[in-house]
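First up is the structure itself, then whatever we jot down about it.
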Amino acid sequence: MDSGHLPRRLLLAGIGSAAVAAAAGCESRRATSSTPRPTSSPRPSGPSRGGAAALRRKIASLLVVGFRGAQAPNWIIKAVRDGLGGVILFDQDLETRSVRNIRSPEQVTRLVKSLKDASPGRLIVSIDQEGGRTSRLNPSNGFPATKSEAEVGAENSASATRDWARGLVAGLTRIGVTMNYAPVVDVNVNPDSRAIGKLGRSFSADPDVVVSNAAEEIQAHRAAGVKTCLKHFPGSGSAAGNTDFEVVDVSDTWREAELEPFQRLIRAGLADSVMAAHVLNKQLDPAYPASLSTATVTDLLRGRLGWRGPVVSDDMQAVAITDRYGAAEAVALALQAGLDLLVFANQQVYDPRVVDETVDTIVKLVRTGRLTEDRIDQSVARVDSLRPKR
């Protein structure tokens, strides 16, 4: 590898399956309670240290929200001015099947600039640009076609992966994106998975191939100042369904080896953030999906794997959690579990009030003592590491 890249021997220095299995096994034994441990005293909280408005701004800074329009609607501009943490861009609107935010490179560049200009802080402008079918920037809106992770992993050439990743990143920096929800580091356990394998979203069934190619992709993003996100923890490669539309249980199909890419990339210093999946994995938590599970996020990811940075949600409006818990309770459980940045794609439902409603929900959690303001401050500090430099 060239001088900006970690030696291949470091990345491929295996963390044996036995070690990973021991960690997972320990977590499985510890996850015996179906009730998340509270992160605070149940006593009602006093006034916010900086006042009610300051608390609301801190909470808003932990949210990423999607919106409709090739130009930013008034409600999203207001939310950004009031401290919204970030936005997420899509090419297509799921409900209307029409163009959502991206019509051309010139148009979306103007859109992004208008959002950044409205922000009093360092706005996160995020996107899912994985390559292949999961590419919001694509030939339909004036961007080059890109290979999928599966195609890249099949070739498994460091130089070819580097070139591919630099191509992905060039599109992001061209329009002003600051964070990409990539790479997918799920191991391709089930090639017939409707969420991962069939869409070509995994580099390989071999954790070594996943790690080496993900590392090249992350390095290319870092060289351009774009943050990345390892997904979908603790592994969705065996998932038969898609959590956007249904509850997905991987309890009988998940394997400990699916932790390896996360653990090895974290240990190599190549993680900017980690996305928690909405999959139910009873090997790790008998009751809660990973994204709402203290045992999975706090005990396993932060404890055993040693991750100290931000944990990002998958879409908080996904059917996998909203149908069972409702929007407000899902937010409460996610924050109690240890998540920091909550993403609302506004695709499953479209709610221009989602920012105010979610902030209201979290303020109530603090006021009633279910969360502490210190817990909010911890997430603010972690999320700040994802913000672009001025």
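Here's how to read the names in the structure tokens: chain A, B, ... by the order shown, residue numbers from 1 in each chain, ligand numbers from 1 in the order shown.
Those residues that approach Arg382 in chain A to within 9 Å, counting only C-alpha atoms, are Arg308, Gly309, Pro310, Val311, Asp340, Leu341 and Asp377 of chain A; same-chain residues fewer than 5 positions away are not listed.
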Distance query range 133-148 of chain A at most 12 Å, only C-alpha atoms, self and fewer than 6 positions along chain excluded, as a PyMOL selection string = chain A and resi 70+88-93+99-109+126-127+154-155+160-161+163-175+177+180-184+195-204+213
Members of range 194-295 of chain A assigned helix (DSSP H, G or I) by DSSP, as a ChimeraX atom specification = /A:197-199,207-223,256-267,290-292,294-295
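All residues in range 72-168 of chain A with a DSSP state of strand (DSSP E), computed from the backbone, read Gly86, Val87, Ile88, Leu89, Ile124, Val125, Ser126, Ile127, Gln129, Glu130, Gly131, Thr134 and Ser135 of chain A.
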Could you state the separation of CA of Asp82 in chain A and CA of Val366 in chain A in Å, given to one decimal place?
-> 19.4 Å
Between CA of Ala239 in chain A and CA of Glu258 in chain A, what is the spacing in Å?
-> 11.7 Å
Atom-to-atom span, CA of Asn156 in chain A and CA of Gly225 in chain A, Å = 24.6 Å
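Remark: for Trp75 in chain A, the closest of the candidate residues A:Arg302, A:Arg353, A:Arg264, A:Arg324 is A:Arg353 (distances computed over only C-alpha atoms).
Around Thr358 in chain A, within 10 Å and counting only C-alpha atoms, the residues found are Ile59, Ala60, Leu63, Ala327, Ala328, Val331, Ala332, Leu342, Phe344, Arg353, Val363 and Lys364 of chain A, once anything fewer than 5 positions away on its own chain is removed.
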Contacts of Met316 in chain A within 12 Å, only C-alpha atoms, excl. fewer than 5 positions in-chain, as a ChimeraX atom specification | /A:63-66,243-244,275-278,291-292,321-323,325-335,339,341-349,354,358
Selection above as a file: C-alpha atoms, as an mmCIF file, in the first residue's frame:
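Saved to again_11.cif:
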data_model
loop_
_atom_site.group_PDB
_atom_site.id
_atom_site.type_symbol
_atom_site.label_atom_id
_atom_site.label_comp_id
_atom_site.auth_asym_id
_atom_site.auth_seq_id
_atom_site.Cartn_x
_atom_site.Cartn_y
_atom_site.Cartn_z
ATOM 1 C CA LEU A 63 -31.049 14.755 14.804
ATOM 2 C CA VAL A 64 -30.584 14.187 11.060
ATOM 3 C CA VAL A 65 -33.749 14.681 9.005
ATOM 4 C CA GLY A 66 -34.861 14.139 5.416
ATOM 5 C CA THR A 243 -36.172 -3.515 8.460
ATOM 6 C CA ASP A 244 -37.636 -0.531 6.606
ATOM 7 C CA MET A 275 -24.718 2.453 12.715
ATOM 8 C CA ALA A 276 -26.890 0.234 14.914
ATOM 9 C CA ALA A 277 -29.245 -2.018 12.981
ATOM 10 C CA HIS A 278 -32.930 -2.495 13.731
ATOM 11 C CA SER A 291 -30.713 -0.239 17.838
ATOM 12 C CA LEU A 292 -32.749 -0.143 21.062
ATOM 13 C CA ILE A 321 -39.384 -0.353 15.432
ATOM 14 C CA THR A 322 -42.267 2.092 14.999
ATOM 15 C CA ASP A 323 -44.931 -0.597 14.628
ATOM 16 C CA TYR A 325 -42.808 0.730 20.056
ATOM 17 C CA GLY A 326 -44.234 3.891 18.530
ATOM 18 C CA ALA A 327 -42.140 6.918 17.626
ATOM 19 C CA ALA A 328 -41.686 8.431 21.085
ATOM 20 C CA GLU A 329 -40.811 5.206 22.891
ATOM 21 C CA ALA A 330 -38.393 4.170 20.127
ATOM 22 C CA VAL A 331 -36.525 7.457 20.595
ATOM 23 C CA ALA A 332 -36.408 6.946 24.363
ATOM 24 C CA LEU A 333 -35.107 3.385 24.069
ATOM 25 C CA ALA A 334 -32.515 4.358 21.446
ATOM 26 C CA LEU A 335 -31.010 7.047 23.646
ATOM 27 C CA LEU A 339 -27.218 5.907 20.492
ATOM 28 C CA LEU A 341 -27.257 10.583 16.312
ATOM 29 C CA LEU A 342 -30.864 9.795 15.370
ATOM 30 C CA VAL A 343 -31.754 9.694 11.671
ATOM 31 C CA PHE A 344 -35.285 10.398 10.433
ATOM 32 C CA ALA A 345 -35.390 9.764 6.695
ATOM 33 C CA ASN A 346 -38.955 11.070 6.361
ATOM 34 C CA GLN A 347 -39.533 8.365 3.768
ATOM 35 C CA GLN A 348 -41.773 5.814 5.526
ATOM 36 C CA VAL A 349 -43.937 8.723 6.618
ATOM 37 C CA VAL A 354 -40.718 15.589 13.077
ATOM 38 C CA THR A 358 -38.801 14.625 18.563
#
Residue with the minimum atom-to-atom distance to Cys229 in chain A, picked from A:Leu259, A:Pro120, A:Ile266, A:Gly86 with only C-alpha atoms counted, is A:Ile266
Residues within 7 Å of Ser61 in chain A, only C-alpha atoms, excluding chain neighbours under 2 positions, as a PyMOL selection string = chain A and resi 57-59+63+83-85
Create the file for the chosen residues now, containing C-alpha atoms and written as a PDB file, in the first residue's frame.
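File out21.pdb, as written:
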ATOM      1  CA  ARG A  57     -30.783  23.273  20.603  1.00  0.00           C
ATOM      2  CA  LYS A  58     -28.564  20.558  22.056  1.00  0.00           C
ATOM      3  CA  ILE A  59     -31.224  17.948  21.417  1.00  0.00           C
ATOM      4  CA  LEU A  63     -31.049  14.755  14.804  1.00  0.00           C
ATOM      5  CA  GLY A  83     -29.820  24.054  15.476  1.00  0.00           C
ATOM      6  CA  LEU A  84     -30.786  20.888  13.574  1.00  0.00           C
ATOM      7  CA  GLY A  85     -27.756  18.618  13.487  1.00  0.00           C
TER       8      GLY A  85
END
